[in-house]
Amino acid sequence: MNTFSLKLIACDKVFYDGPCEILIFDGFDGEMAIMANHEPMTCSVETGELRFRVPGETVWQEAIVSTGLLKVEHNKVDIIVYSAERPEEIDKFRAEAALERAREQLAQKQSIMEYHVSTASMARAMARLRGVKNHDV
């Protein structure tokens, strides 16, 4: 199968940098896929699960990512996100506590900015918990 170069960068680390056969991620309009020789584009990445397959492996690599940007150009994909974690690295109890904090914050009167921060926190906590659940199954 044809491959392309994938670089997934989070604020604190380079999560992955190497060849890739297919990439699946949550975009603004729903789930999207990128394969080799994809047309150049730039789009947003939404909070959720990102999956990709490395050449020669049958198991998909998974990452729980926050919002970010994706750029496809010259058979190379660059993704910059705020955070990226492997499902096995996620502390389920901390994620549950973060979800509860976000729910409590949303129940209070907030400014528009605080509301958006709370909803982003809630989305991230829910994505992390889904990633842990899917990994445990």
# chains A, B, ... in the order shown; residues from 1 in each chain; ligands from 1

call {"tool": "residues_around", "arguments": {"residues": "region 78-86 of chain A", "least_positions_apart": "6", "cutoff": "6 Å", "atoms": "only C-alpha atoms", "output": "list in words"}}
result
Lys7, Leu8, Ile9, Ala10, Cys11, Ala63, Ile64, Val65, Ser66, Thr67, Gly68, Leu69, Leu70 and Lys71 of chain A

call {"tool": "residues_around", "arguments": {"residues": "Ala98 (chain A)", "least_positions_apart": "5", "cutoff": "8 Å", "atoms": "only C-alpha atoms", "output": "JSON, numbers by chain"}}
result
{"A": [121, 122, 125]}

call {"tool": "residues_around", "arguments": {"residues": "Met32 (chain A)", "least_positions_apart": "4", "cutoff": "10 Å", "atoms": "only C-alpha atoms", "output": "list in words"}}
result
Leu23, Ile24, Phe25, Asp26, Gly27, Phe28, Val45 and Leu50 of chain A

call {"tool": "residues_around", "arguments": {"residues": "Asn37 (chain A)", "least_positions_apart": "3", "cutoff": "9 Å", "atoms": "only C-alpha atoms", "output": "PDB file with all heavy atoms, in the first residue's frame"}}
result
ATOM      1  N   ASN A   2       0.432   2.294  -0.669  1.00  0.00           N
ATOM      2  CA  ASN A   2       1.171   3.555  -0.710  1.00  0.00           C
ATOM      3  C   ASN A   2       1.174   4.214   0.663  1.00  0.00           C
ATOM      4  O   ASN A   2       0.245   4.054   1.442  1.00  0.00           O
ATOM      5  CB  ASN A   2       0.543   4.507  -1.726  1.00  0.00           C
ATOM      6  CG  ASN A   2       0.737   4.022  -3.143  1.00  0.00           C
ATOM      7  OD1 ASN A   2       1.676   3.291  -3.434  1.00  0.00           O
ATOM      8  ND2 ASN A   2      -0.149   4.428  -4.022  1.00  0.00           N
ATOM      9  N   THR A   3       2.210   4.990   0.920  1.00  0.00           N
ATOM     10  CA  THR A   3       2.327   5.653   2.213  1.00  0.00           C
ATOM     11  C   THR A   3       2.540   7.152   2.040  1.00  0.00           C
ATOM     12  O   THR A   3       2.826   7.633   0.946  1.00  0.00           O
ATOM     13  CB  THR A   3       3.502   5.084   3.033  1.00  0.00           C
ATOM     14  OG1 THR A   3       4.718   5.348   2.343  1.00  0.00           O
ATOM     15  CG2 THR A   3       3.337   3.595   3.262  1.00  0.00           C
ATOM     16  N   PHE A   4       2.397   7.863   3.149  1.00  0.00           N
ATOM     17  CA  PHE A   4       2.699   9.282   3.200  1.00  0.00           C
ATOM     18  C   PHE A   4       3.391   9.551   4.528  1.00  0.00           C
ATOM     19  O   PHE A   4       3.400   8.711   5.424  1.00  0.00           O
ATOM     20  CB  PHE A   4       1.432  10.142   3.038  1.00  0.00           C
ATOM     21  CG  PHE A   4       0.378   9.893   4.074  1.00  0.00           C
ATOM     22  CD1 PHE A   4       0.333  10.648   5.246  1.00  0.00           C
ATOM     23  CD2 PHE A   4      -0.588   8.905   3.899  1.00  0.00           C
ATOM     24  CE1 PHE A   4      -0.642  10.425   6.202  1.00  0.00           C
ATOM     25  CE2 PHE A   4      -1.561   8.683   4.844  1.00  0.00           C
ATOM     26  CZ  PHE A   4      -1.591   9.445   6.002  1.00  0.00           C
ATOM     27  N   ILE A  34      -7.477  10.269   5.447  1.00  0.00           N
ATOM     28  CA  ILE A  34      -6.421  10.721   4.544  1.00  0.00           C
ATOM     29  C   ILE A  34      -5.630   9.489   4.129  1.00  0.00           C
ATOM     30  O   ILE A  34      -5.262   8.659   4.972  1.00  0.00           O
ATOM     31  CB  ILE A  34      -5.454  11.708   5.246  1.00  0.00           C
ATOM     32  CG1 ILE A  34      -6.192  12.885   5.860  1.00  0.00           C
ATOM     33  CG2 ILE A  34      -4.341  12.139   4.305  1.00  0.00           C
ATOM     34  CD1 ILE A  34      -6.661  13.923   4.904  1.00  0.00           C
ATOM     35  N   PRO A  40      -3.987  18.518  -1.662  1.00  0.00           N
ATOM     36  CA  PRO A  40      -3.598  19.488  -0.622  1.00  0.00           C
ATOM     37  C   PRO A  40      -4.830  20.113   0.034  1.00  0.00           C
ATOM     38  O   PRO A  40      -5.805  20.442  -0.638  1.00  0.00           O
ATOM     39  CB  PRO A  40      -2.803  20.545  -1.390  1.00  0.00           C
ATOM     40  CG  PRO A  40      -2.306  19.845  -2.601  1.00  0.00           C
ATOM     41  CD  PRO A  40      -3.369  18.843  -2.958  1.00  0.00           C
ATOM     42  N   GLU A  73       0.027  18.352   2.244  1.00  0.00           N
ATOM     43  CA  GLU A  73       0.745  18.975   1.138  1.00  0.00           C
ATOM     44  C   GLU A  73       1.894  18.070   0.718  1.00  0.00           C
ATOM     45  O   GLU A  73       2.669  17.622   1.559  1.00  0.00           O
ATOM     46  CB  GLU A  73       1.272  20.340   1.599  1.00  0.00           C
ATOM     47  CG  GLU A  73       1.786  21.201   0.488  1.00  0.00           C
ATOM     48  CD  GLU A  73       2.117  22.597   1.000  1.00  0.00           C
ATOM     49  OE1 GLU A  73       2.976  22.710   1.909  1.00  0.00           O
ATOM     50  OE2 GLU A  73       1.535  23.556   0.477  1.00  0.00           O
ATOM     51  N   HIS A  74       2.013  17.796  -0.570  1.00  0.00           N
ATOM     52  CA  HIS A  74       3.123  17.018  -1.146  1.00  0.00           C
ATOM     53  C   HIS A  74       3.301  15.673  -0.445  1.00  0.00           C
ATOM     54  O   HIS A  74       4.412  15.290  -0.068  1.00  0.00           O
ATOM     55  CB  HIS A  74       4.429  17.802  -1.101  1.00  0.00           C
ATOM     56  CG  HIS A  74       4.359  19.143  -1.747  1.00  0.00           C
ATOM     57  ND1 HIS A  74       4.085  19.299  -3.086  1.00  0.00           N
ATOM     58  CD2 HIS A  74       4.480  20.391  -1.237  1.00  0.00           C
ATOM     59  CE1 HIS A  74       4.061  20.586  -3.380  1.00  0.00           C
ATOM     60  NE2 HIS A  74       4.296  21.270  -2.274  1.00  0.00           N
ATOM     61  N   ASN A  75       2.192  14.924  -0.279  1.00  0.00           N
ATOM     62  CA  ASN A  75       2.213  13.597   0.332  1.00  0.00           C
ATOM     63  C   ASN A  75       2.763  13.617   1.762  1.00  0.00           C
ATOM     64  O   ASN A  75       3.374  12.668   2.230  1.00  0.00           O
ATOM     65  CB  ASN A  75       2.997  12.601  -0.528  1.00  0.00           C
ATOM     66  CG  ASN A  75       2.400  11.220  -0.462  1.00  0.00           C
ATOM     67  OD1 ASN A  75       1.201  11.053  -0.276  1.00  0.00           O
ATOM     68  ND2 ASN A  75       3.241  10.221  -0.595  1.00  0.00           N
ATOM     69  N   LYS A  76       2.515  14.729   2.447  1.00  0.00           N
ATOM     70  CA  LYS A  76       2.943  14.893   3.836  1.00  0.00           C
ATOM     71  C   LYS A  76       1.782  15.490   4.624  1.00  0.00           C
ATOM     72  O   LYS A  76       1.136  16.433   4.164  1.00  0.00           O
ATOM     73  CB  LYS A  76       4.159  15.817   3.908  1.00  0.00           C
ATOM     74  CG  LYS A  76       4.675  16.012   5.300  1.00  0.00           C
ATOM     75  CD  LYS A  76       5.900  16.907   5.301  1.00  0.00           C
ATOM     76  CE  LYS A  76       6.363  17.063   6.741  1.00  0.00           C
ATOM     77  NZ  LYS A  76       7.406  18.037   6.900  1.00  0.00           N
TER      78      LYS A  76
END

call {"tool": "select_by_dssp", "arguments": {"residues": "chain A", "states": "helix (DSSP H, G or I)", "output": "short mmCIF file (atom, residue, chain, number, x, y, z; two decimals) with all heavy atoms, in the first residue's frame"}}
result
data_model
loop_
_atom_site.label_atom_id
_atom_site.label_comp_id
_atom_site.auth_asym_id
_atom_site.auth_seq_id
_atom_site.Cartn_x
_atom_site.Cartn_y
_atom_site.Cartn_z
N PRO A 87 -4.44 5.87 24.57
CA PRO A 87 -5.50 5.47 25.51
C PRO A 87 -4.96 4.81 26.78
O PRO A 87 -5.49 5.04 27.86
CB PRO A 87 -6.35 4.49 24.69
CG PRO A 87 -6.14 4.92 23.28
CD PRO A 87 -4.71 5.40 23.21
N GLU A 88 -3.91 4.04 26.66
CA GLU A 88 -3.36 3.36 27.84
C GLU A 88 -2.66 4.31 28.81
O GLU A 88 -2.40 3.96 29.95
CB GLU A 88 -2.43 2.21 27.46
CG GLU A 88 -1.24 2.61 26.62
CD GLU A 88 -1.47 2.56 25.12
OE1 GLU A 88 -2.64 2.48 24.67
OE2 GLU A 88 -0.48 2.61 24.38
N GLU A 89 -2.36 5.53 28.38
CA GLU A 89 -1.72 6.53 29.24
C GLU A 89 -2.73 7.33 30.05
O GLU A 89 -2.34 8.06 30.98
CB GLU A 89 -0.90 7.52 28.39
CG GLU A 89 0.27 6.92 27.67
CD GLU A 89 0.94 7.90 26.71
OE1 GLU A 89 0.37 8.98 26.45
OE2 GLU A 89 2.02 7.56 26.23
N LYS A 92 -8.10 7.04 34.15
CA LYS A 92 -9.56 7.07 34.09
C LYS A 92 -10.17 7.90 35.23
O LYS A 92 -11.11 8.66 35.02
CB LYS A 92 -10.10 5.64 34.14
CG LYS A 92 -11.60 5.54 34.05
CD LYS A 92 -12.05 4.09 34.09
CE LYS A 92 -13.55 4.00 34.04
NZ LYS A 92 -14.03 2.62 34.11
N PHE A 93 -9.62 7.78 36.42
CA PHE A 93 -10.18 8.50 37.56
C PHE A 93 -9.98 10.01 37.43
O PHE A 93 -10.86 10.79 37.78
CB PHE A 93 -9.59 7.96 38.87
CG PHE A 93 -9.91 6.51 39.07
CD1 PHE A 93 -8.94 5.53 38.93
CD2 PHE A 93 -11.21 6.11 39.37
CE1 PHE A 93 -9.25 4.19 39.08
CE2 PHE A 93 -11.52 4.76 39.53
CZ PHE A 93 -10.54 3.80 39.39
N ARG A 94 -8.83 10.43 36.92
CA ARG A 94 -8.60 11.86 36.70
C ARG A 94 -9.53 12.39 35.62
O ARG A 94 -10.04 13.51 35.71
CB ARG A 94 -7.14 12.11 36.32
CG ARG A 94 -6.20 12.02 37.50
CD ARG A 94 -4.79 12.38 37.14
NE ARG A 94 -4.75 13.78 36.71
CZ ARG A 94 -3.82 14.27 35.91
NH1 ARG A 94 -2.85 13.51 35.46
NH2 ARG A 94 -3.84 15.54 35.56
N ALA A 95 -9.75 11.59 34.56
CA ALA A 95 -10.65 12.01 33.49
C ALA A 95 -12.08 12.13 34.00
O ALA A 95 -12.80 13.07 33.64
CB ALA A 95 -10.58 11.02 32.32
N GLU A 96 -12.51 11.20 34.86
CA GLU A 96 -13.86 11.28 35.44
C GLU A 96 -13.99 12.51 36.32
O GLU A 96 -15.02 13.19 36.31
CB GLU A 96 -14.16 10.01 36.23
CG GLU A 96 -14.40 8.80 35.35
CD GLU A 96 -14.49 7.49 36.13
OE1 GLU A 96 -14.08 7.45 37.32
OE2 GLU A 96 -14.97 6.51 35.53
N ALA A 97 -12.95 12.81 37.10
CA ALA A 97 -12.97 14.00 37.96
C ALA A 97 -13.03 15.28 37.12
O ALA A 97 -13.75 16.22 37.45
CB ALA A 97 -11.74 14.02 38.87
N ALA A 98 -12.29 15.31 36.00
CA ALA A 98 -12.30 16.48 35.12
C ALA A 98 -13.68 16.66 34.49
O ALA A 98 -14.17 17.79 34.34
CB ALA A 98 -11.24 16.32 34.03
N LEU A 99 -14.32 15.57 34.12
CA LEU A 99 -15.67 15.64 33.55
C LEU A 99 -16.65 16.20 34.60
O LEU A 99 -17.47 17.06 34.27
CB LEU A 99 -16.12 14.26 33.08
CG LEU A 99 -17.53 14.16 32.50
CD1 LEU A 99 -17.70 15.09 31.31
CD2 LEU A 99 -17.84 12.72 32.12
N GLU A 100 -16.54 15.73 35.82
CA GLU A 100 -17.43 16.23 36.87
C GLU A 100 -17.20 17.72 37.14
O GLU A 100 -18.16 18.49 37.30
CB GLU A 100 -17.22 15.42 38.16
CG GLU A 100 -18.22 15.73 39.24
CD GLU A 100 -19.66 15.52 38.81
OE1 GLU A 100 -19.96 14.58 38.03
OE2 GLU A 100 -20.52 16.32 39.23
N ARG A 101 -15.92 18.15 37.15
CA ARG A 101 -15.62 19.58 37.34
C ARG A 101 -16.23 20.41 36.22
O ARG A 101 -16.80 21.48 36.45
CB ARG A 101 -14.11 19.82 37.40
CG ARG A 101 -13.48 19.57 38.73
CD ARG A 101 -12.07 20.10 38.80
NE ARG A 101 -11.21 19.68 37.70
CZ ARG A 101 -10.53 18.54 37.66
NH1 ARG A 101 -10.61 17.69 38.66
NH2 ARG A 101 -9.77 18.25 36.62
N ALA A 102 -16.10 19.93 34.97
CA ALA A 102 -16.65 20.66 33.82
C ALA A 102 -18.16 20.75 33.91
O ALA A 102 -18.74 21.80 33.61
CB ALA A 102 -16.22 19.98 32.52
N ARG A 103 -18.82 19.68 34.34
CA ARG A 103 -20.28 19.70 34.50
C ARG A 103 -20.69 20.72 35.56
O ARG A 103 -21.66 21.45 35.39
CB ARG A 103 -20.78 18.32 34.87
CG ARG A 103 -20.82 17.37 33.72
CD ARG A 103 -21.42 16.04 34.10
NE ARG A 103 -21.54 15.19 32.93
CZ ARG A 103 -21.42 13.88 32.96
NH1 ARG A 103 -21.19 13.25 34.10
NH2 ARG A 103 -21.54 13.17 31.86
N GLU A 104 -19.95 20.76 36.66
CA GLU A 104 -20.25 21.72 37.72
C GLU A 104 -20.06 23.15 37.24
O GLU A 104 -20.87 24.03 37.55
CB GLU A 104 -19.36 21.45 38.95
CG GLU A 104 -19.72 20.19 39.70
CD GLU A 104 -18.72 19.84 40.79
OE1 GLU A 104 -17.78 20.63 41.04
OE2 GLU A 104 -18.88 18.76 41.38
N GLN A 105 -19.01 23.39 36.47
CA GLN A 105 -18.76 24.73 35.95
C GLN A 105 -19.87 25.16 34.99
O GLN A 105 -20.29 26.32 34.99
CB GLN A 105 -17.40 24.79 35.25
CG GLN A 105 -16.24 24.71 36.21
CD GLN A 105 -14.91 24.53 35.48
OE1 GLN A 105 -14.86 24.27 34.29
NE2 GLN A 105 -13.82 24.67 36.23
N LEU A 106 -20.35 24.24 34.17
CA LEU A 106 -21.42 24.57 33.22
C LEU A 106 -22.73 24.88 33.94
O LEU A 106 -23.56 25.61 33.41
CB LEU A 106 -21.63 23.42 32.23
CG LEU A 106 -20.60 23.33 31.11
CD1 LEU A 106 -20.78 22.06 30.31
CD2 LEU A 106 -20.68 24.54 30.20
N ALA A 107 -22.92 24.33 35.13
CA ALA A 107 -24.14 24.58 35.89
C ALA A 107 -24.16 25.97 36.52
O ALA A 107 -25.21 26.46 36.93
CB ALA A 107 -24.30 23.52 36.97
N ILE A 112 -19.22 34.29 28.53
CA ILE A 112 -19.15 33.52 27.28
C ILE A 112 -17.81 32.78 27.19
O ILE A 112 -17.77 31.60 26.81
CB ILE A 112 -19.34 34.46 26.05
CG1 ILE A 112 -20.73 35.07 26.06
CG2 ILE A 112 -19.08 33.72 24.75
CD1 ILE A 112 -21.86 34.07 25.92
N MET A 113 -16.72 33.44 27.55
CA MET A 113 -15.39 32.82 27.49
C MET A 113 -15.32 31.63 28.44
O MET A 113 -14.83 30.57 28.08
CB MET A 113 -14.30 33.85 27.84
CG MET A 113 -12.91 33.26 27.79
SD MET A 113 -12.46 32.64 26.17
CE MET A 113 -11.87 34.12 25.45
N GLU A 114 -15.81 31.80 29.66
CA GLU A 114 -15.79 30.70 30.63
C GLU A 114 -16.65 29.53 30.14
O GLU A 114 -16.29 28.37 30.33
CB GLU A 114 -16.29 31.18 31.99
CG GLU A 114 -15.34 32.13 32.69
CD GLU A 114 -15.96 32.79 33.90
OE1 GLU A 114 -17.19 33.00 33.92
OE2 GLU A 114 -15.20 33.11 34.83
N TYR A 115 -17.77 29.85 29.51
CA TYR A 115 -18.63 28.80 28.96
C TYR A 115 -17.89 27.98 27.91
O TYR A 115 -17.94 26.76 27.92
CB TYR A 115 -19.89 29.42 28.36
CG TYR A 115 -20.73 28.44 27.58
CD1 TYR A 115 -21.56 27.54 28.24
CD2 TYR A 115 -20.66 28.39 26.19
CE1 TYR A 115 -22.32 26.62 27.53
CE2 TYR A 115 -21.41 27.47 25.47
CZ TYR A 115 -22.23 26.59 26.16
OH TYR A 115 -22.97 25.67 25.45
N HIS A 116 -17.18 28.64 27.01
CA HIS A 116 -16.44 27.92 25.96
C HIS A 116 -15.31 27.09 26.55
O HIS A 116 -15.05 25.97 26.09
CB HIS A 116 -15.91 28.90 24.91
CG HIS A 116 -16.98 29.46 24.03
ND1 HIS A 116 -17.74 28.70 23.19
CD2 HIS A 116 -17.45 30.73 23.90
CE1 HIS A 116 -18.62 29.45 22.56
NE2 HIS A 116 -18.46 30.70 22.97
N VAL A 117 -14.64 27.61 27.56
CA VAL A 117 -13.58 26.84 28.22
C VAL A 117 -14.18 25.61 28.89
O VAL A 117 -13.63 24.51 28.80
CB VAL A 117 -12.82 27.73 29.24
CG1 VAL A 117 -11.92 26.88 30.13
CG2 VAL A 117 -12.02 28.80 28.52
N SER A 118 -15.31 25.77 29.55
CA SER A 118 -15.97 24.65 30.23
C SER A 118 -16.43 23.58 29.24
O SER A 118 -16.26 22.38 29.48
CB SER A 118 -17.16 25.14 31.06
OG SER A 118 -16.74 25.98 32.09
N THR A 119 -17.01 24.01 28.12
CA THR A 119 -17.46 23.03 27.13
C THR A 119 -16.27 22.31 26.49
O THR A 119 -16.34 21.11 26.23
CB THR A 119 -18.34 23.66 26.04
OG1 THR A 119 -17.65 24.74 25.43
CG2 THR A 119 -19.66 24.14 26.60
N ALA A 120 -15.17 23.01 26.28
CA ALA A 120 -13.96 22.37 25.73
C ALA A 120 -13.40 21.37 26.75
O ALA A 120 -12.98 20.27 26.37
CB ALA A 120 -12.91 23.42 25.38
N SER A 121 -13.40 21.73 28.01
CA SER A 121 -12.93 20.82 29.06
C SER A 121 -13.80 19.57 29.12
O SER A 121 -13.30 18.45 29.26
CB SER A 121 -12.94 21.51 30.43
OG SER A 121 -12.04 22.58 30.45
N MET A 122 -15.10 19.77 29.00
CA MET A 122 -16.02 18.65 29.03
C MET A 122 -15.83 17.73 27.83
O MET A 122 -15.80 16.51 27.96
CB MET A 122 -17.45 19.16 29.08
CG MET A 122 -18.48 18.11 29.34
SD MET A 122 -20.07 18.91 29.63
CE MET A 122 -21.03 17.51 30.07
N ALA A 123 -15.65 18.31 26.65
CA ALA A 123 -15.43 17.52 25.44
C ALA A 123 -14.14 16.70 25.55
O ALA A 123 -14.11 15.53 25.17
CB ALA A 123 -15.37 18.43 24.21
N ARG A 124 -13.10 17.31 26.08
CA ARG A 124 -11.83 16.60 26.23
C ARG A 124 -11.96 15.45 27.22
O ARG A 124 -11.50 14.34 26.97
CB ARG A 124 -10.73 17.55 26.67
CG ARG A 124 -9.39 16.85 26.82
CD ARG A 124 -8.24 17.85 26.97
NE ARG A 124 -6.98 17.13 27.00
CZ ARG A 124 -6.26 16.95 28.10
NH1 ARG A 124 -6.65 17.46 29.25
NH2 ARG A 124 -5.14 16.28 28.06
N ALA A 125 -12.60 15.70 28.36
CA ALA A 125 -12.78 14.65 29.36
C ALA A 125 -13.61 13.50 28.80
O ALA A 125 -13.28 12.32 29.00
CB ALA A 125 -13.44 15.22 30.61
N MET A 126 -14.66 13.82 28.06
CA MET A 126 -15.50 12.77 27.47
C MET A 126 -14.72 11.97 26.42
O MET A 126 -14.85 10.75 26.35
CB MET A 126 -16.75 13.39 26.87
CG MET A 126 -17.69 13.92 27.94
SD MET A 126 -19.09 14.84 27.28
CE MET A 126 -20.04 13.52 26.56
N ALA A 127 -13.91 12.64 25.61
CA ALA A 127 -13.10 11.93 24.61
C ALA A 127 -12.09 11.01 25.29
O ALA A 127 -11.87 9.88 24.84
CB ALA A 127 -12.37 12.94 23.72
N ARG A 128 -11.47 11.48 26.36
CA ARG A 128 -10.51 10.66 27.10
C ARG A 128 -11.18 9.42 27.67
O ARG A 128 -10.64 8.33 27.61
CB ARG A 128 -9.84 11.48 28.19
CG ARG A 128 -8.97 12.61 27.63
CD ARG A 128 -8.38 13.46 28.70
NE ARG A 128 -7.21 12.77 29.23
CZ ARG A 128 -6.86 12.74 30.50
NH1 ARG A 128 -7.58 13.37 31.41
NH2 ARG A 128 -5.79 12.10 30.88
N LEU A 129 -12.37 9.60 28.24
CA LEU A 129 -13.10 8.46 28.81
C LEU A 129 -13.54 7.47 27.73
O LEU A 129 -13.48 6.26 27.93
CB LEU A 129 -14.30 8.93 29.63
CG LEU A 129 -13.94 9.59 30.96
CD1 LEU A 129 -15.16 10.24 31.59
CD2 LEU A 129 -13.32 8.56 31.91
N ARG A 130 -13.96 7.97 26.56
CA ARG A 130 -14.30 7.09 25.44
C ARG A 130 -13.08 6.31 24.99
O ARG A 130 -13.15 5.12 24.69
CB ARG A 130 -14.87 7.88 24.26
CG ARG A 130 -16.35 8.08 24.31
CD ARG A 130 -16.91 8.59 22.98
NE ARG A 130 -16.21 9.73 22.43
CZ ARG A 130 -16.47 10.99 22.74
NH1 ARG A 130 -17.41 11.29 23.61
NH2 ARG A 130 -15.80 11.97 22.19
N GLY A 131 -11.92 6.98 24.95
CA GLY A 131 -10.68 6.31 24.55
C GLY A 131 -10.30 5.20 25.51
O GLY A 131 -9.89 4.12 25.10
N VAL A 132 -10.44 5.45 26.80
CA VAL A 132 -10.13 4.43 27.81
C VAL A 132 -11.10 3.27 27.67
O VAL A 132 -10.70 2.11 27.69
CB VAL A 132 -10.20 5.02 29.24
CG1 VAL A 132 -10.18 3.94 30.29
CG2 VAL A 132 -9.07 6.00 29.47
N LYS A 133 -12.38 3.58 27.50
CA LYS A 133 -13.41 2.53 27.38
C LYS A 133 -13.16 1.67 26.15
O LYS A 133 -13.21 0.45 26.21
CB LYS A 133 -14.79 3.18 27.30
CG LYS A 133 -15.92 2.19 27.19
CD LYS A 133 -17.24 2.90 27.06
CE LYS A 133 -18.34 1.92 26.76
NZ LYS A 133 -19.57 2.56 26.40
N ASN A 134 -12.88 2.30 25.01
CA ASN A 134 -12.64 1.55 23.77
C ASN A 134 -11.36 0.73 23.87
O ASN A 134 -11.27 -0.34 23.27
CB ASN A 134 -12.55 2.51 22.58
CG ASN A 134 -13.88 3.16 22.26
OD1 ASN A 134 -14.93 2.69 22.68
ND2 ASN A 134 -13.83 4.25 21.55
N HIS A 135 -10.38 1.22 24.59
CA HIS A 135 -9.11 0.50 24.73
C HIS A 135 -9.27 -0.72 25.64
O HIS A 135 -8.63 -1.74 25.43
CB HIS A 135 -8.03 1.43 25.26
CG HIS A 135 -6.69 0.81 25.34
ND1 HIS A 135 -5.96 0.49 24.21
CD2 HIS A 135 -5.94 0.42 26.39
CE1 HIS A 135 -4.82 -0.06 24.58
NE2 HIS A 135 -4.79 -0.12 25.89
N ASP A 136 -10.12 -0.61 26.66
CA ASP A 136 -10.31 -1.70 27.62
C ASP A 136 -11.12 -2.84 27.03
O ASP A 136 -11.03 -3.96 27.50
CB ASP A 136 -11.03 -1.19 28.88
CG ASP A 136 -10.11 -0.32 29.72
OD1 ASP A 136 -8.88 -0.39 29.53
OD2 ASP A 136 -10.62 0.44 30.57
#

call {"tool": "atom_distance", "arguments": {"atom1": "CA of Ala33 (chain A)", "atom2": "CA of Asp91 (chain A)"}}
result
28.2 Å

call {"tool": "atom_distance", "arguments": {"atom1": "CA of Asp12 (chain A)", "atom2": "CA of Glu46 (chain A)"}}
result
18.4 Å

call {"tool": "residues_around", "arguments": {"residues": "Ser5 (chain A)", "least_positions_apart": "5", "cutoff": "9 Å", "atoms": "only C-alpha atoms", "output": "list in words"}}
result
Asp17, Gly18, Pro19, Cys20, Glu21, Ala36, Asn75, Lys76, Val77 and Asp78 of chain A

call {"tool": "closest_residue", "arguments": {"among": "A:Gln61, A:Arg53, A:Val72, A:Asp29", "to": "Met41 (chain A)", "atoms": "only C-alpha atoms"}}
result
A:Val72
